[in-house]
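Trainee: Take a look at the following structure, please.
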Amino acid sequence: MKSSAAPALPVFQAKDFKSDLKPIWCPGCGDFGVLQAIYRALAAVGRPPHEIAFVSGIGCSSRIPGYTTAYGFNSVHGRALPIAQGIKLANPDLLVLVAGGDGDGFSIGGGHVPHTIRRNPDITYIVMDNQIYGLTKGQLSPTSPRGLKTVTSEYGSVEAPVNPLLYVLAYGANFVAQGTPADMAGLSEVIEEAIRYPGFSFVNVQSPCVTFGGEEAQVKAHRAHMKTLKSLGHDSTDRLAAMGLAQLYGQELHTGVFYRNPEPPPTLDALFRERQETLAGKALPRERILDAFIQK
Amino acid sequence: MDDLVIGMAGSGGDGIVSAGESLIAAAAYEGYSAMMTKSFGSQVRGGESSCRVRLSTTHVFNPGGILDVAVALNWEDFLKFGAELPVSGATVVIYDSKTGVEPAAIPLAGVAPKEVFAVPIGDLAKQATGTDKAKNTVVLGLIAGWFGIGRQGILRGLEKRFAKKGLALVQANEKAFILGEQFAKEHPLASPRAMDRPMGVPGKKMLVDGNDMCAAAAIFGGCQFFGGYPITPSTEVMQFFTREVWKYGGSALQAEDEIAGIGAALGASFAGKKAMTATSGPGMALKTEMMGLASIAELPLVILDVQRGGPSTGLPTKPEQSDLFMAAFSAHGDVLRPILAPTSVADTFDVTVEAFNIAERYQTPVIILSDQEVAQRKETVDLIDTSRFTIEERRRPTDAELTDYARFRLTEDGVSPISHPGMKGGNYQGAGIEHNEHANPTASGKVHAAMNEKRFRKLAPLRLRRDLFHIEGNKNAKLALVAWGSVAGICREVFTRAKGEGLDVKLLVPWLLYPVADEVYRDFFASVRAGFVVELSHQGQLYRILRMFTDVPAGVVSLARSGANPFQPDEILAQLRNAAVSLQQPDVSVPSEE
Amino acid sequence: MTHRIDFSKLSVCDALDLAILVEEEAKDRYEELADQMTIHHNEEAARFFLRMVQIELTHERILTNRRRALFPNRPCVVTRAMIFDVEAPDYGDARATMTVRQALEMALGGETKAYEFFDRALKEVHNPEVRDFFGQLRSEEQEHQALVQAQIAKLPPEPVITAEDVSDEPVAH
């Protein structure tokens with residue numbers, strides 16, 4: 001039987017997600033490309049801007065929500081994930097995005113990552129990973145390579161870096177991808193896929209800092225080194241294979257989907273909704289909530 | 001007798017607190033006004049345990065001072081509670097004869113109680129049930145027998161409690177109860193102390209603790225989201241929410257830490273839902289940054305702080321009133337956060353509902369400053385007519401306001417209509433960074449000053465909220481008492497007794513602690529020459545704050561001390577008497593009015 | 001790089017529309033770059049990028065007029081979503097203190113990319129009219145490249161002191 005014509009989805013263009021605020025990032029910053037990729041991805045997904053909540057922490061990359069027409073919340077350092085979960089649980093119909101840098105996400109915010117992953121709310125987390133703290137002028141970051149000389153590692157960093165890809169894969173994230181603004185179209189595709197994936201999705205973006213990163217780390221260099229996971233014949237349904245490749249973080253720039261769980265587990269928001277439906281009305285109405293305390 | 005204070009102690013395994021619960025439940029059912037507090041050693045179980053039950057045919061304001069009845073299942077444990085279970089010569093002392101202590105030689109230094117009963121509690125329990133485990137039920141029988149309270153209620157309670165485990169157990173416990181009762185009848189008190197019967201119909205009182213009351217009130221007030229983390233003594237609030245809020249279409253999240261808990265609640269508020277978090281002192285410290293974010297982002301949020309002994313880990317199971325400075329001032333930047341303090345389980349309902357209303361109306365975080373005693377004590381509460389409460393919602397933008405919507409529009413009253421994701425045309429960037437009317441980041445001094453001014457101005461009407469103060473006594477009285485939180489309950493009794501003695505004293509109990517309603521205090525203190533701000537903190541924090549924001553007469557002093565040192569009505573009354581006497585004497589240090 | 005265009009299926013109208021979008025995308029990019037330069041107080045580079053905006057607008061207008069003349073009533077079925085950074089120069093090549101020379105080199109990069117795009121397209125197009133048209137576009141891009149290179153050649157040598165040398169340190173926020 002032919003279904004009655006559903007109202008046509010409004011067709012959005014990238015520019016519908018572009019706000020009037022002009023980015024203050026340094027010219028050459030990788031985040032410009034990420035922003036373009038996000039506009040494209042959102043246009044492809046087709047949710048109107050007012051149904052999107054875009055949460056960020058603190059850092060250059062955390063300014064990104066303000067450059068979109070979505071509702072944004074540029075919150076405090078490292079705490080975007082809990083806030084985003086609160087938004088999603090309060091209104092599960094919203095499209096919830098989270099963005100931030102490597103310090104915001106894996107230093108001060110690191111404690112929230114495993115719990116967000118294991119709860120699996122349907123939100124998408126985009127980390128702009130540039131191995132440095134740019135906004136505060138060039139300090140070491142948790143993903144800085146060993147030996148890197150910065151203003152807080154004059155003699156070279158003696159710490160091994162966090163591997164964000166391995167971290168999230170090990171904690172059980174069901175969608176993990178990486179991209180670079182050197183391939184904006186590819187980046188836009190993984191972001192779109194991440195948004196569409198039901199559950200917590202993680203996209204690490206190698207987005208270089210033009211002011212504090214070396215020339216060898218800039219977008220041009222990415223183009224020379226990047227390899228797509230597809231070209232390596234990687235099976236993205238194999239978590240262990242993904243982790244094997246993820247171990248090369250820092251040595252190789254692999255782009256594309258590391259892991260996509262072919263059987264997405266139920267999301268936190270769906271489970272909560274189910275519980276609400278099951279328990280609906282199984283309590284005294286609000287005005288009579290105190291009756292339960294009466295000693296009858 | 002119209003008022004009875006019973007204190008009981010033993011080891012956790014004796015179920016003495018359980019007995020207290022049965023007793024207060026029975027008292028509530030029968031229509032008494034009653035209150036129960038508990039106190040423990042540091043073991044999670046099996047340590048020393050005590051409880052105190054006060055019941056009265058008139059209103060009970062506090063758990064009482066000197067015990068009328070002291071029950072010790074063993075003396076080591078009883079003595080560990082020291083001043084929390086004060087005994088006098090008039091106390092009826094009941095203890096297990098198995099302790100081997102002679103009635104004339106009970107180890108209560110400095111007191112000689114006239115009526116002491118060494119009862120074979122353990123043996124009676126064994127007789128009834130085959131084991132000495134039912135000691136607590138025997139104790140209930142003794143109390144019912146000697147003081148004429150709770151028989152019906154206790155027996156009903158025993159039946160409910162043990163029914164699942166089988167009739168044999170119910171009957172055994174009933175037997176234990178009866179044996180206790182019998183012993184009491186066979187060994188009557190020298191001066192009979194039967195409680196008067198309460199007036200009114202049984203089965204018409206609520207029995208509830210402050211934490212449950214707060215959670216229920218929050219849901220009544222429309223709270224749809226709770227984010228939090230376990231911390232003594234507030235965890236029960238989270239437990240109530242994680243059990244109940246789904247039934248009302250809401251969600252609750254036990255987050256990975258205190259910061260995530262309040263962060264999730266803040267997110268829910270940003271998304272348009274009423275939200276709260278609950279914690280104690282250490283958690284408040286962690287939540288400070290998020291509270292600042294809530295203030296500058298102008299988001300409604302309710303934060304319950306159930307105060308306990310501080311600083312740092314402090315005394316997790318003892319009440320103190322030492323978080324006031326933190327609640328008022330812990331923010332970097334210029335921030336004004338309304339603070340409300342309940343004084344009893346009963347008014348925890350009113351205060352919580354009002355906290356949500358204030359949060360919504362002014363788009364601000366609001367702190368409810370409770371304390372361990374109010375939060376965890378069980379109290380009988382008369383039925384509350386929920387229909388007399390108004391529930392407020394945040395001001396939403398009209399269609400006209402959504403065309404060229406300015407989230408932080410500088411309005412006359414300082415409150416800007418607030419949108420939320422999902423609302424077409426209301427898109428804006430929430431942020432911790434300073435912003436202009438259109439929510440764009442700014443570092444302009446002019447805009448910053450205007451925004452600070454707005455954020456403060458919108459809360460100014462709170463300083464005129466006389467309805468958030470309880471004032472009693474002769475308007476022109478020269479002697480004054482000010483108290484907040486659980487200490488207010490002590491002072492209300494002091495006030496009543498003082499008036500009874502002919503002392504001309506007035507009492508002020510604030511629900512609204514901050515901002516300081518300077519006009520209210522000015523009017524109150526106008527006639528005052530001497531008095532006390534009574535509170536449980538080493539620094540006397542409310543006293544200090546009052547002196548910061550309003551004029552406090554020189555003769556009004558701070559009567560404050562560290563938590564876990566409960567005030568007794570008698571000692572405050574003594575201080576009031578002294579102050580009254582010194583007022584009568586001409587005193588060169590009190591400036592005369594010219 | 002583009003992933004979604006099947007060049008073998010394009011009509012001349014589609015090809016024209018595509019070319020228009022390529023110019024539009026480049027124009028948008030130059031506008032953004034001009035904004036970046038203005039925000040970073042690099043007036044010279046900002047002026048250059050604004051000139052590029054005008055140049056791209058002109059190209060766009062020429063193509064649009066041609067399209068209107070040839071296919072007045074045909075609806076447009078190609079979208080911006082089908083192209084990604086064809087002629088638009090790479091964000092990553094911009095610098096806050098870039099000189100006009102560096103900006104011209106960026107523009108050259110854009111024209112080169114566009115040339116390569118149409119060159120690639122030619123290999124996949126079978127329709128002779130469309131081939132012809134793409135061939136023209138490719139030649140035009142070659143001309144643009146030459147124009148830019150001529151501009152570069154005309155430039156005076158880079159000054160001894162560059163903006164990088166005298167700039168203040170970056171500011172922490």
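Following the order of the structure tokens, chains are lettered A, B, ..., residues in each are numbered from 1, and ligands are numbered from 1.
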Leaving out Asp119 in chain C and any residue of its chain fewer than 6 positions from it, which residues lie within 12 Å of it when counting only C-alpha atoms, given as a PyMOL selection string?
Mentor: chain C and resi 7+86+112-113+125+131-142
Trainee: Please produce a file of those selected residues containing N, CA and C atoms, as a short mmCIF file (atom, residue, chain, number, x, y, z; two decimals), in the first residue's frame.
Mentor:
data_model
loop_
_atom_site.label_atom_id
_atom_site.label_comp_id
_atom_site.auth_asym_id
_atom_site.auth_seq_id
_atom_site.Cartn_x
_atom_site.Cartn_y
_atom_site.Cartn_z
N PHE C 7 30.46 12.38 -13.57
CA PHE C 7 30.70 13.28 -14.70
C PHE C 7 30.11 12.76 -16.00
N VAL C 86 36.90 23.02 -4.62
CA VAL C 86 37.43 22.83 -5.97
C VAL C 86 38.43 23.92 -6.31
N THR C 112 45.11 26.32 -9.56
CA THR C 112 45.73 25.04 -9.94
C THR C 112 44.79 23.88 -9.60
N LYS C 113 44.22 23.94 -8.43
CA LYS C 113 43.26 22.90 -8.02
C LYS C 113 42.11 22.83 -9.01
N VAL C 125 34.29 12.42 -18.86
CA VAL C 125 33.13 12.89 -19.62
C VAL C 125 33.15 12.32 -21.03
N ARG C 131 32.37 17.83 -22.94
CA ARG C 131 33.84 17.76 -23.04
C ARG C 131 34.40 19.09 -23.48
N ASP C 132 33.77 19.59 -24.53
CA ASP C 132 34.16 20.87 -25.07
C ASP C 132 34.14 21.94 -23.99
N PHE C 133 33.02 21.95 -23.29
CA PHE C 133 32.81 22.98 -22.28
C PHE C 133 33.84 22.87 -21.16
N PHE C 134 34.05 21.66 -20.68
CA PHE C 134 35.04 21.47 -19.61
C PHE C 134 36.43 21.84 -20.12
N GLY C 135 36.66 21.53 -21.41
CA GLY C 135 37.94 21.90 -22.00
C GLY C 135 38.15 23.41 -21.92
N GLN C 136 37.07 24.14 -22.24
CA GLN C 136 37.14 25.61 -22.17
C GLN C 136 37.47 26.06 -20.75
N LEU C 137 36.72 25.45 -19.81
CA LEU C 137 36.91 25.84 -18.42
C LEU C 137 38.35 25.56 -17.99
N ARG C 138 38.86 24.41 -18.40
CA ARG C 138 40.24 24.07 -18.05
C ARG C 138 41.20 25.11 -18.61
N SER C 139 40.97 25.51 -19.86
CA SER C 139 41.83 26.54 -20.46
C SER C 139 41.72 27.83 -19.69
N GLU C 140 40.50 28.19 -19.31
CA GLU C 140 40.33 29.43 -18.56
C GLU C 140 41.13 29.40 -17.27
N GLU C 141 41.07 28.24 -16.60
CA GLU C 141 41.84 28.13 -15.36
C GLU C 141 43.32 28.29 -15.64
N GLN C 142 43.76 27.76 -16.77
CA GLN C 142 45.15 27.93 -17.15
C GLN C 142 45.49 29.41 -17.32
#
Trainee: Show me, as an mmCIF file with N, CA and C atoms, in the first residue's frame, every residue of chain C with an atom at most 9 Å from chain A, counting only C-alpha atoms.
Mentor:
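So result01.cif came out as:
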data_model
loop_
_atom_site.group_PDB
_atom_site.id
_atom_site.type_symbol
_atom_site.label_atom_id
_atom_site.label_comp_id
_atom_site.auth_asym_id
_atom_site.auth_seq_id
_atom_site.Cartn_x
_atom_site.Cartn_y
_atom_site.Cartn_z
ATOM 1 N N MET C 1 38.392 17.807 -3.826
ATOM 2 C CA MET C 1 37.918 16.424 -4.037
ATOM 3 C C MET C 1 36.415 16.379 -3.989
ATOM 4 N N THR C 2 35.847 15.628 -4.872
ATOM 5 C CA THR C 2 34.386 15.468 -4.833
ATOM 6 C C THR C 2 34.086 13.982 -4.931
ATOM 7 N N HIS C 3 33.018 13.605 -4.267
ATOM 8 C CA HIS C 3 32.709 12.179 -4.266
ATOM 9 C C HIS C 3 31.421 11.831 -4.982
ATOM 10 N N GLU C 32 35.713 34.769 3.284
ATOM 11 C CA GLU C 32 36.146 34.319 4.609
ATOM 12 C C GLU C 32 37.585 34.716 4.875
ATOM 13 N N LEU C 33 38.432 34.523 3.873
ATOM 14 C CA LEU C 33 39.856 34.852 4.052
ATOM 15 C C LEU C 33 40.014 36.351 4.270
ATOM 16 N N ASP C 35 37.848 38.269 5.681
ATOM 17 C CA ASP C 35 37.429 38.491 7.072
ATOM 18 C C ASP C 35 38.553 38.127 8.027
ATOM 19 N N GLN C 36 39.164 36.958 7.796
ATOM 20 C CA GLN C 36 40.256 36.518 8.681
ATOM 21 C C GLN C 36 41.355 37.567 8.704
ATOM 22 N N MET C 37 41.698 38.088 7.514
ATOM 23 C CA MET C 37 42.779 39.078 7.441
ATOM 24 C C MET C 37 42.386 40.367 8.152
ATOM 25 N N ILE C 39 40.195 40.717 10.629
ATOM 26 C CA ILE C 39 40.199 40.478 12.074
ATOM 27 C C ILE C 39 41.617 40.478 12.618
ATOM 28 N N HIS C 40 42.571 40.038 11.791
ATOM 29 C CA HIS C 40 43.963 40.002 12.242
ATOM 30 C C HIS C 40 44.763 41.202 11.765
ATOM 31 N N THR C 79 24.169 20.810 -6.708
ATOM 32 C CA THR C 79 24.181 21.602 -5.476
ATOM 33 C C THR C 79 25.607 21.771 -4.969
ATOM 34 N N ARG C 80 25.794 22.686 -4.048
ATOM 35 C CA ARG C 80 27.091 22.926 -3.424
ATOM 36 C C ARG C 80 27.586 21.675 -2.696
ATOM 37 N N ALA C 81 26.624 20.853 -2.268
ATOM 38 C CA ALA C 81 27.011 19.638 -1.548
ATOM 39 C C ALA C 81 27.821 18.692 -2.440
ATOM 40 N N ILE C 83 30.239 19.596 -4.538
ATOM 41 C CA ILE C 83 31.644 20.002 -4.719
ATOM 42 C C ILE C 83 32.221 20.391 -3.364
ATOM 43 N N PHE C 84 33.506 20.221 -3.221
ATOM 44 C CA PHE C 84 34.130 20.531 -1.951
ATOM 45 C C PHE C 84 35.539 21.028 -2.237
ATOM 46 N N ASP C 85 35.732 22.333 -2.053
ATOM 47 C CA ASP C 85 37.075 22.891 -2.196
ATOM 48 C C ASP C 85 37.675 22.661 -3.582
ATOM 49 N N ASP C 90 43.153 26.587 0.002
ATOM 50 C CA ASP C 90 43.200 25.852 1.276
ATOM 51 C C ASP C 90 43.260 26.801 2.470
ATOM 52 N N TYR C 91 42.365 26.582 3.418
ATOM 53 C CA TYR C 91 42.413 27.328 4.674
ATOM 54 C C TYR C 91 43.814 27.247 5.277
ATOM 55 N N GLY C 92 44.406 26.073 5.198
ATOM 56 C CA GLY C 92 45.658 25.817 5.906
ATOM 57 C C GLY C 92 46.828 26.638 5.412
ATOM 58 N N ASP C 93 46.701 27.271 4.246
ATOM 59 C CA ASP C 93 47.818 28.053 3.714
ATOM 60 C C ASP C 93 47.800 29.503 4.181
ATOM 61 N N ALA C 94 46.722 29.913 4.825
ATOM 62 C CA ALA C 94 46.656 31.306 5.268
ATOM 63 C C ALA C 94 47.534 31.508 6.491
ATOM 64 N N ARG C 95 47.994 32.710 6.683
ATOM 65 C CA ARG C 95 48.747 33.060 7.876
ATOM 66 C C ARG C 95 48.363 34.480 8.265
ATOM 67 N N ALA C 96 48.379 34.737 9.561
ATOM 68 C CA ALA C 96 47.956 36.061 10.033
ATOM 69 C C ALA C 96 48.826 37.176 9.441
ATOM 70 N N THR C 97 50.116 36.904 9.287
ATOM 71 C CA THR C 97 51.018 37.959 8.816
ATOM 72 C C THR C 97 51.390 37.749 7.360
ATOM 73 N N PRO C 170 52.069 36.053 20.735
ATOM 74 C CA PRO C 170 50.655 35.679 20.833
ATOM 75 C C PRO C 170 50.134 35.918 22.256
ATOM 76 N N VAL C 171 48.830 36.096 22.358
ATOM 77 C CA VAL C 171 48.218 36.417 23.652
ATOM 78 C C VAL C 171 47.478 35.198 24.184
ATOM 79 N N ALA C 172 47.684 34.907 25.456
ATOM 80 C CA ALA C 172 46.949 33.784 26.060
ATOM 81 C C ALA C 172 45.553 34.247 26.446
ATOM 82 N N HIS C 173 44.583 33.351 26.354
ATOM 83 C CA HIS C 173 43.211 33.692 26.766
ATOM 84 C C HIS C 173 42.726 32.703 27.825
#
Trainee: So which residues of range 9-258 of chain A fall under helix (DSSP H, G or I) by DSSP, listed as a ChimeraX atom specification?
Mentor: /A:14-17,31-45,49-51,61-67,80-90,102-106,110-119,164-170,181-196,215-217,219-225,239-246
Trainee: Name the residues of range 283-416 of chain B that come out as strand (DSSP E or B) in a backbone DSSP run; write them as a PyMOL selection string.
Mentor: chain B and resi 301-307+309+315+339-340+365-371+378-382
Trainee: Put those residues in a file: N, CA and C atoms, as a PDB file, in the first residue's frame.
Mentor:
ATOM      1  N   LEU B 301      18.581  26.649  38.452  1.00  0.00           N
ATOM      2  CA  LEU B 301      19.157  25.392  38.939  1.00  0.00           C
ATOM      3  C   LEU B 301      19.020  25.381  40.443  1.00  0.00           C
ATOM      4  N   VAL B 302      18.632  24.255  41.019  1.00  0.00           N
ATOM      5  CA  VAL B 302      18.536  24.162  42.478  1.00  0.00           C
ATOM      6  C   VAL B 302      19.628  23.234  42.981  1.00  0.00           C
ATOM      7  N   ILE B 303      20.376  23.706  43.966  1.00  0.00           N
ATOM      8  CA  ILE B 303      21.471  22.920  44.533  1.00  0.00           C
ATOM      9  C   ILE B 303      21.186  22.742  46.018  1.00  0.00           C
ATOM     10  N   LEU B 304      21.034  21.505  46.426  1.00  0.00           N
ATOM     11  CA  LEU B 304      20.819  21.231  47.854  1.00  0.00           C
ATOM     12  C   LEU B 304      22.170  20.917  48.489  1.00  0.00           C
ATOM     13  N   ASP B 305      22.511  21.650  49.543  1.00  0.00           N
ATOM     14  CA  ASP B 305      23.717  21.342  50.314  1.00  0.00           C
ATOM     15  C   ASP B 305      23.254  20.921  51.702  1.00  0.00           C
ATOM     16  N   VAL B 306      23.402  19.627  51.996  1.00  0.00           N
ATOM     17  CA  VAL B 306      23.079  19.158  53.342  1.00  0.00           C
ATOM     18  C   VAL B 306      24.362  19.264  54.145  1.00  0.00           C
ATOM     19  N   GLN B 307      24.445  20.304  54.947  1.00  0.00           N
ATOM     20  CA  GLN B 307      25.702  20.598  55.634  1.00  0.00           C
ATOM     21  C   GLN B 307      26.067  19.531  56.652  1.00  0.00           C
ATOM     22  N   GLY B 309      29.724  18.355  59.321  1.00  0.00           N
ATOM     23  CA  GLY B 309      30.920  18.942  59.920  1.00  0.00           C
ATOM     24  C   GLY B 309      32.031  19.100  58.887  1.00  0.00           C
ATOM     25  N   LEU B 315      33.262  15.882  59.577  1.00  0.00           N
ATOM     26  CA  LEU B 315      32.453  14.936  60.339  1.00  0.00           C
ATOM     27  C   LEU B 315      31.238  14.594  59.499  1.00  0.00           C
ATOM     28  N   ILE B 339      20.125  32.005  48.801  1.00  0.00           N
ATOM     29  CA  ILE B 339      20.287  30.856  49.685  1.00  0.00           C
ATOM     30  C   ILE B 339      19.087  30.775  50.601  1.00  0.00           C
ATOM     31  N   LEU B 340      18.473  29.598  50.624  1.00  0.00           N
ATOM     32  CA  LEU B 340      17.330  29.359  51.511  1.00  0.00           C
ATOM     33  C   LEU B 340      17.693  28.239  52.473  1.00  0.00           C
ATOM     34  N   PRO B 365      20.980  29.994  39.785  1.00  0.00           N
ATOM     35  CA  PRO B 365      21.123  28.883  40.721  1.00  0.00           C
ATOM     36  C   PRO B 365      20.646  29.324  42.100  1.00  0.00           C
ATOM     37  N   VAL B 366      19.990  28.441  42.820  1.00  0.00           N
ATOM     38  CA  VAL B 366      19.524  28.712  44.180  1.00  0.00           C
ATOM     39  C   VAL B 366      20.051  27.606  45.066  1.00  0.00           C
ATOM     40  N   ILE B 367      20.589  27.967  46.203  1.00  0.00           N
ATOM     41  CA  ILE B 367      21.120  26.959  47.112  1.00  0.00           C
ATOM     42  C   ILE B 367      20.146  26.745  48.259  1.00  0.00           C
ATOM     43  N   ILE B 368      19.806  25.478  48.499  1.00  0.00           N
ATOM     44  CA  ILE B 368      19.041  25.137  49.708  1.00  0.00           C
ATOM     45  C   ILE B 368      20.075  24.629  50.700  1.00  0.00           C
ATOM     46  N   LEU B 369      20.226  25.363  51.800  1.00  0.00           N
ATOM     47  CA  LEU B 369      21.224  25.011  52.795  1.00  0.00           C
ATOM     48  C   LEU B 369      20.524  24.279  53.931  1.00  0.00           C
ATOM     49  N   SER B 370      20.524  22.955  53.838  1.00  0.00           N
ATOM     50  CA  SER B 370      19.938  22.154  54.902  1.00  0.00           C
ATOM     51  C   SER B 370      21.085  21.700  55.807  1.00  0.00           C
ATOM     52  N   ASP B 371      20.814  20.865  56.769  1.00  0.00           N
ATOM     53  CA  ASP B 371      21.910  20.288  57.553  1.00  0.00           C
ATOM     54  C   ASP B 371      21.574  18.845  57.908  1.00  0.00           C
ATOM     55  N   LYS B 378      13.793  11.894  61.280  1.00  0.00           N
ATOM     56  CA  LYS B 378      12.410  11.612  60.908  1.00  0.00           C
ATOM     57  C   LYS B 378      11.528  12.503  61.762  1.00  0.00           C
ATOM     58  N   GLU B 379      10.510  13.007  61.148  1.00  0.00           N
ATOM     59  CA  GLU B 379       9.657  13.962  61.845  1.00  0.00           C
ATOM     60  C   GLU B 379       8.224  13.708  61.435  1.00  0.00           C
ATOM     61  N   THR B 380       7.303  13.864  62.364  1.00  0.00           N
ATOM     62  CA  THR B 380       5.907  13.801  61.954  1.00  0.00           C
ATOM     63  C   THR B 380       5.545  15.164  61.384  1.00  0.00           C
ATOM     64  N   VAL B 381       4.804  15.139  60.334  1.00  0.00           N
ATOM     65  CA  VAL B 381       4.411  16.377  59.678  1.00  0.00           C
ATOM     66  C   VAL B 381       2.912  16.331  59.446  1.00  0.00           C
ATOM     67  N   ASP B 382       2.241  17.396  59.817  1.00  0.00           N
ATOM     68  CA  ASP B 382       0.804  17.465  59.539  1.00  0.00           C
ATOM     69  C   ASP B 382       0.592  17.481  58.030  1.00  0.00           C
TER      70      ASP B 382
END
Trainee: So that I can check the surroundings of Leu89 in chain A, please list as a PyMOL selection string every protein, DNA and RNA residue that reaches within 8 Å of it, counting only C-alpha atoms and ignoring chain neighbours fewer than 6 positions away.
Mentor: (chain A and resi 269+272) or (chain B and resi 251+268)
Trainee: With only C-alpha atoms as the basis for distance, which of C:Ile62, C:Val130, C:Ala88, C:Ala15 is at the shortest distance from Glu111 in chain C?
Mentor: C:Ala88
Trainee: In Å, with one decimal, what is the gap from CA of Gly233 in chain A to CA of Ala217 in chain A?
Mentor: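 About the pair CA of Gly233 in chain A and CA of Ala217 in chain A: they are 25.8 Å apart.
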Trainee: What are the closest atom pairs, with distances in Å to one decimal, for all residues of chain B lying within 6 Å of chain A? Consider only C-alpha atoms, order rows by chain and residue number, and present the result as a tab-separated table.
Mentor:
residue	atom	partner	partner_atom	distance
B:Tyr29	CA	A:Gln295	CA	5.1
B:Gly203	CA	A:Lys296	CA	4.3
B:Lys205	CA	A:Ile294	CA	5.5
B:Met206	CA	A:Ile294	CA	3.9
B:Leu207	CA	A:Phe293	CA	5.5
B:Phe220	CA	A:Arg286	CA	4.9
B:Trp246	CA	A:Gln276	CA	4.7
B:Lys247	CA	A:Ala280	CA	4.5
B:Gly249	CA	A:Gln276	CA	5.4
B:Ala260	CA	A:Pro82	CA	5.0
B:Gly263	CA	A:Ile83	CA	4.7
B:Ala264	CA	A:Gly86	CA	3.9
B:Ala265	CA	A:Gly86	CA	5.8
B:Gly267	CA	A:Ile83	CA	4.3
B:Ala268	CA	A:Gly86	CA	4.6
B:Ala271	CA	A:Ile87	CA	5.3
B:Thr386	CA	A:Glu287	CA	5.8
B:Pro421	CA	A:Glu51	CA	5.8
B:Gly422	CA	A:Glu51	CA	4.6
B:Lys424	CA	A:His50	CA	5.4
B:Asn427	CA	A:Tyr71	CA	4.8
B:Tyr428	CA	A:Tyr71	CA	5.2
B:Gln429	CA	A:Gly72	CA	4.3
B:Gly430	CA	A:Phe73	CA	4.3
B:Ala431	CA	A:Asn74	CA	4.5
B:Gly432	CA	A:Ser75	CA	5.5
Trainee: Find the residues around Ile143 in chain B up to 10 Å (only C-alpha atoms counted), leave out those fewer than 6 positions away in its own chain, and share them as an MDAnalysis selection string.
Mentor: chainID B and resid 6 23 69 71 94 137 149:151 177 180:181 184 194
Trainee: Skip Arg47 in chain C itself and residues of its chain fewer than 3 positions away, then list as a list in words all residues within 10 Å of it, counting only C-alpha atoms.
Mentor: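 With the cut-off at 10 Å, the set is Ala34, Met37, Thr38, Asn42, Glu43, Glu44, Leu50, Arg51, Met52, Val53 and Val100 of chain C.
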Trainee: Could you write out the selected residues, including N, CA and C atoms, as a tab-separated table (two decimals), in the first residue's frame?
Mentor:
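Final file, selection.tsv:
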chain	number	residue	atom	x	y	z
C	34	ALA	N	39.24	37.13	3.55
C	34	ALA	CA	39.31	38.58	3.74
C	34	ALA	C	38.91	38.92	5.17
C	37	MET	N	41.70	38.09	7.51
C	37	MET	CA	42.78	39.08	7.44
C	37	MET	C	42.39	40.37	8.15
C	38	THR	N	41.13	40.79	7.97
C	38	THR	CA	40.67	42.02	8.61
C	38	THR	C	40.72	41.88	10.13
C	42	ASN	N	45.51	42.51	9.00
C	42	ASN	CA	46.42	42.41	7.86
C	42	ASN	C	45.69	43.06	6.68
C	43	GLU	N	45.78	44.40	6.60
C	43	GLU	CA	44.95	45.15	5.64
C	43	GLU	C	45.32	44.82	4.20
C	44	GLU	N	46.61	44.67	3.97
C	44	GLU	CA	47.06	44.41	2.58
C	44	GLU	C	46.47	43.11	2.06
C	50	LEU	N	39.76	40.63	-1.04
C	50	LEU	CA	38.51	41.26	-1.48
C	50	LEU	C	38.51	41.45	-2.99
C	51	ARG	N	39.70	41.75	-3.55
C	51	ARG	CA	39.79	41.85	-5.01
C	51	ARG	C	39.48	40.50	-5.63
C	52	MET	N	39.98	39.44	-5.02
C	52	MET	CA	39.71	38.09	-5.52
C	52	MET	C	38.22	37.80	-5.46
C	53	VAL	N	37.56	38.29	-4.41
C	53	VAL	CA	36.11	38.12	-4.33
C	53	VAL	C	35.44	38.70	-5.56
C	100	VAL	N	51.33	39.88	0.48
C	100	VAL	CA	50.52	39.79	-0.75
C	100	VAL	C	51.06	38.67	-1.63
Trainee: Which residues are near Leu155 in chain C? Cut-off 12 Å, only C-alpha atoms, ignore same chain within fewer than 3 positions. Put them as a PyMOL selection string.
Mentor: chain C and resi 99-105+148-152+158-159
Trainee: Here is a test: counting only C-alpha atoms, which residue of B:Ala460, B:Ile433, B:Ser537, B:Ala19 is nearest to chain C?
Mentor: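 Going through B:Ala460, B:Ile433, B:Ser537, B:Ala19 one by one, the smallest distance to chain C is for B:Ile433.
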Trainee: What's the 12 Å shell around range 413-415 of chain B, counting only C-alpha atoms, without same-chain residues fewer than 6 positions away, as a PyMOL selection string?
Mentor: chain B and resi 298-300+358-364+394-397+406-407+437+450-461
